[in-house]
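Written out below as structure tokens is the structure these notes cover.
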Amino acid sequence: MEFARALYTALGIAMMPVLPLRLWWRGRREPEYRRAIGERFGRYETTAVDAPLLWVHAVSVGETRAALPLIRWLKVEYPRATILLTHMTATGRETGRSLFGDGVIQAWLPYDLPFAVHGFFDRFRPAAGFLVETELWPNMVAHAHRMGIPLFLVNARMSRRSARGYAHVPSLTRPLFARLTGVAAQSRGDAARLAALGSPPRVVTGNIKFDLAVPVEARTLGHELRIRFGATRPVWVAASTRDGEEALILDALAQTPLPRETLLVIVPRHPQRFAEVAALLRTRGVAFIRRSDNRQVPAEVGVVLGDSMGELLAYYAAADLAFIGGSLLPLGGQNLIEALAVGAPVLIGPHTYNFNEAAIGAVAAGAAQRVADAEALIQAVEALLRDPAQRDAMQEAACAFHAAHRGATARLMRWLGPHLHARGLR
């Protein structure tokens, strides 16, 4: 074992006593964290698994949704294979369950400790692994390499910020990247940064999140929600908001109120924050109802708290425009591609490094507008709500931009197929 990885492992072992406590603490709000804790340490059920087994790792919600076309392709191309889907977050696991049901095996990815990693591979023995976007662990990758298990980093992204972080510890990260079998990057910029970190040959396939097909059910629910919100009311959604952003938006609204009939739908990124945001609204004296109340929104109520899972596309379909959270604060921004797929005019803050290529392209195409802060956000919302022609133009641009970037899944499959066939997978 390289010295840097040995030191990294020693630090991980030193943290072991607090790991179960951390899971128990997080389980206060998300009980899923308290289930199957043994899996985090490499202890899995011994039920037999049919071979070959293909492993897809999607850390959380966004990666799990992005993995949908990959898993569908694997099931068609390799019908005899068992699909294992692993996660690190409770919301990711819940999303996987809702998307795939019993069509895949779900498990927690273990902590990156040698004995836990060994338990994982000894239990499942995958024929190949597919890591979605950026989830890389030194011991996990090293153990797979030692066992001859090919690992592919797919839909890979590497922001400048993340690349600088990896570059600070090259003795740990260069072997990590070099042990990957192949990398399918979202953009040329991602591919270049991955190359600089020592990754194997790369291909640029695009972002498979653009291949999202908006389900009819989402549009139908969006229409129903719009009726409940008020068919003639101006409606905007603050989607996937992160800790601190709701307060910034409410502060800005207090300084520059929108017309009284305007309805704001706040959809926090993490479900464990639903109660926190509700408490914030009550403290501010803001009249609101919850989506889970499942009723008509009274005219005097100006805020809906979107406390539901799996309905973000419907919220976009019900709104006149959408602000994408995680971008007012330096958090990297959340996924704006889903809003573009629905055709919603999009507003984003200054911090979008997690979706840099998509954000820059959407702004350049006229599908999105970037605002500097919460005060500028409210001004932009007011201007767009008063200008239906501008909203129509942005909606048309959003649909065109989204359509122009489709096809990443097909390119990824064309690249993966020969790699897998060369290793005897049929």
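Every chain in the structure tokens takes a letter, A first, then B, and so on in the order presented; its residues are numbered from 1, and the ligands are numbered from 1 following the presented order.
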Q: Please return as a VMD selection string: the residues of stretch 183-401 of chain A that backbone DSSP assigns to strand (DSSP E or B).
A: chain A and resid 183 to 185 202 to 204 235 to 241 263 to 268 288 to 290 303 to 305 321 to 324 346 to 348 368 to 370
Next, write the just-selected residues to a file, as a PDB file, in the first residue's frame, keeping C-alpha atoms as the atom set.
ATOM      1  CA  VAL A 183     -13.577   7.615 -18.067  1.00  0.00           C
ATOM      2  CA  ALA A 184     -16.582   9.027 -19.953  1.00  0.00           C
ATOM      3  CA  ALA A 185     -16.583  12.779 -19.310  1.00  0.00           C
ATOM      4  CA  ARG A 202     -11.063   9.515 -21.749  1.00  0.00           C
ATOM      5  CA  VAL A 203     -14.000   9.991 -24.060  1.00  0.00           C
ATOM      6  CA  VAL A 204     -16.394  12.940 -24.050  1.00  0.00           C
ATOM      7  CA  VAL A 235     -46.240  31.309  -9.732  1.00  0.00           C
ATOM      8  CA  TRP A 236     -42.498  30.892  -9.309  1.00  0.00           C
ATOM      9  CA  VAL A 237     -40.607  28.035  -7.726  1.00  0.00           C
ATOM     10  CA  ALA A 238     -37.415  28.209  -5.690  1.00  0.00           C
ATOM     11  CA  ALA A 239     -36.231  24.654  -6.312  1.00  0.00           C
ATOM     12  CA  SER A 240     -33.638  22.563  -4.494  1.00  0.00           C
ATOM     13  CA  THR A 241     -32.852  25.343  -2.033  1.00  0.00           C
ATOM     14  CA  LEU A 263     -47.194  32.637  -5.214  1.00  0.00           C
ATOM     15  CA  LEU A 264     -43.760  31.313  -4.223  1.00  0.00           C
ATOM     16  CA  VAL A 265     -43.240  27.549  -4.057  1.00  0.00           C
ATOM     17  CA  ILE A 266     -40.187  26.647  -1.946  1.00  0.00           C
ATOM     18  CA  VAL A 267     -38.825  23.132  -2.491  1.00  0.00           C
ATOM     19  CA  PRO A 268     -35.862  22.383  -0.163  1.00  0.00           C
ATOM     20  CA  PHE A 288     -47.949  29.156   3.951  1.00  0.00           C
ATOM     21  CA  ILE A 289     -49.401  25.728   3.368  1.00  0.00           C
ATOM     22  CA  ARG A 290     -47.612  22.463   2.735  1.00  0.00           C
ATOM     23  CA  VAL A 303     -46.034  30.520  -0.067  1.00  0.00           C
ATOM     24  CA  VAL A 304     -46.303  26.775  -0.614  1.00  0.00           C
ATOM     25  CA  LEU A 305     -43.731  24.533   1.043  1.00  0.00           C
ATOM     26  CA  LEU A 321     -40.403  30.340 -13.948  1.00  0.00           C
ATOM     27  CA  ALA A 322     -37.893  28.569 -11.728  1.00  0.00           C
ATOM     28  CA  PHE A 323     -34.955  29.579  -9.585  1.00  0.00           C
ATOM     29  CA  ILE A 324     -32.426  26.761  -9.083  1.00  0.00           C
ATOM     30  CA  VAL A 346     -34.573  29.478 -15.382  1.00  0.00           C
ATOM     31  CA  LEU A 347     -32.842  31.824 -12.951  1.00  0.00           C
ATOM     32  CA  ILE A 348     -29.530  30.880 -11.339  1.00  0.00           C
ATOM     33  CA  ALA A 368     -31.516  31.068 -18.300  1.00  0.00           C
ATOM     34  CA  GLN A 369     -30.543  34.295 -16.570  1.00  0.00           C
ATOM     35  CA  ARG A 370     -27.851  34.642 -13.924  1.00  0.00           C
TER      36      ARG A 370
END
Q. Neighbours of A:Met158 within 7 Å (only C-alpha atoms; same-chain residues fewer than 5 positions away dropped), as a VMD selection string?
A. chain A and resid 163 190 193 to 194
Save out the residues we just selected, N, CA and C atoms, as a PDB file, in the first residue's frame.
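Below is the file that was written, part28.pdb:
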ATOM      1  N   ALA A 163     -10.817  19.835  -8.915  1.00  0.00           N
ATOM      2  CA  ALA A 163      -9.518  19.454  -9.469  1.00  0.00           C
ATOM      3  C   ALA A 163      -8.374  20.009  -8.627  1.00  0.00           C
ATOM      4  N   ASP A 190     -14.045  18.898 -18.490  1.00  0.00           N
ATOM      5  CA  ASP A 190     -13.965  17.827 -17.493  1.00  0.00           C
ATOM      6  C   ASP A 190     -12.895  16.820 -17.884  1.00  0.00           C
ATOM      7  N   ARG A 193      -9.338  18.192 -17.228  1.00  0.00           N
ATOM      8  CA  ARG A 193      -8.982  18.218 -15.808  1.00  0.00           C
ATOM      9  C   ARG A 193      -8.753  16.810 -15.266  1.00  0.00           C
ATOM     10  N   LEU A 194      -9.531  15.847 -15.732  1.00  0.00           N
ATOM     11  CA  LEU A 194      -9.324  14.463 -15.319  1.00  0.00           C
ATOM     12  C   LEU A 194      -7.998  13.935 -15.847  1.00  0.00           C
TER      13      LEU A 194
END
Q: Would you please work out which residue, of A:Phe355, A:Trp415, A:Trp73, A:Phe177, is nearest to A:Ala142 when using only C-alpha atoms?
A: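 The shortest atom-to-atom distance to A:Ala142 comes from A:Phe177.
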**Q.** Top pick for closest residue to A:Tyr353, considering A:Pro388, A:Ile227, A:Ile378, A:Arg161 and counting only C-alpha atoms
**A.** A:Arg161
Q. Hey, can you check how far atom CA of A:Ala314 sits from atom CA of A:Leu74?
A.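 Between atom CA of A:Ala314 and atom CA of A:Leu74 the gap works out to 28.2 Å.
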Q: Have a look at atom CA of A:Leu53 and atom CA of A:Leu23 and let me know their distance in Å, one decimal.
A: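 Atom-to-atom, atom CA of A:Leu53 and atom CA of A:Leu23 are spaced 28.1 Å apart.
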Q | Selected residue, from A:Ala358, A:Val141, A:Leu340, A:Ala10, that lies nearest to A:Ala397 when counting only C-alpha atoms | A | A:Leu340
Q.
Ranking A:Ala66, A:Leu54, A:Ala191, A:Leu131 by minimum distance to A:Arg160 and counting only C-alpha atoms, which one comes first?
A.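 Ranking A:Ala66, A:Leu54, A:Ala191, A:Leu131 by distance to A:Arg160, first place goes to A:Ala191.
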Q.
Which residues are near A:Gly96? Cut-off 12 Å, only C-alpha atoms, ignore same chain within fewer than 4 positions. Put them as an MDAnalysis selection string.
A. chainID A and resid 56:68 71 83:92 100:108 310
Q) With only C-alpha atoms as the basis for distance, which of A:Ala344, A:Leu7, A:Leu248, A:Val381 is at the shortest distance from A:Ala362? A) A:Ala344
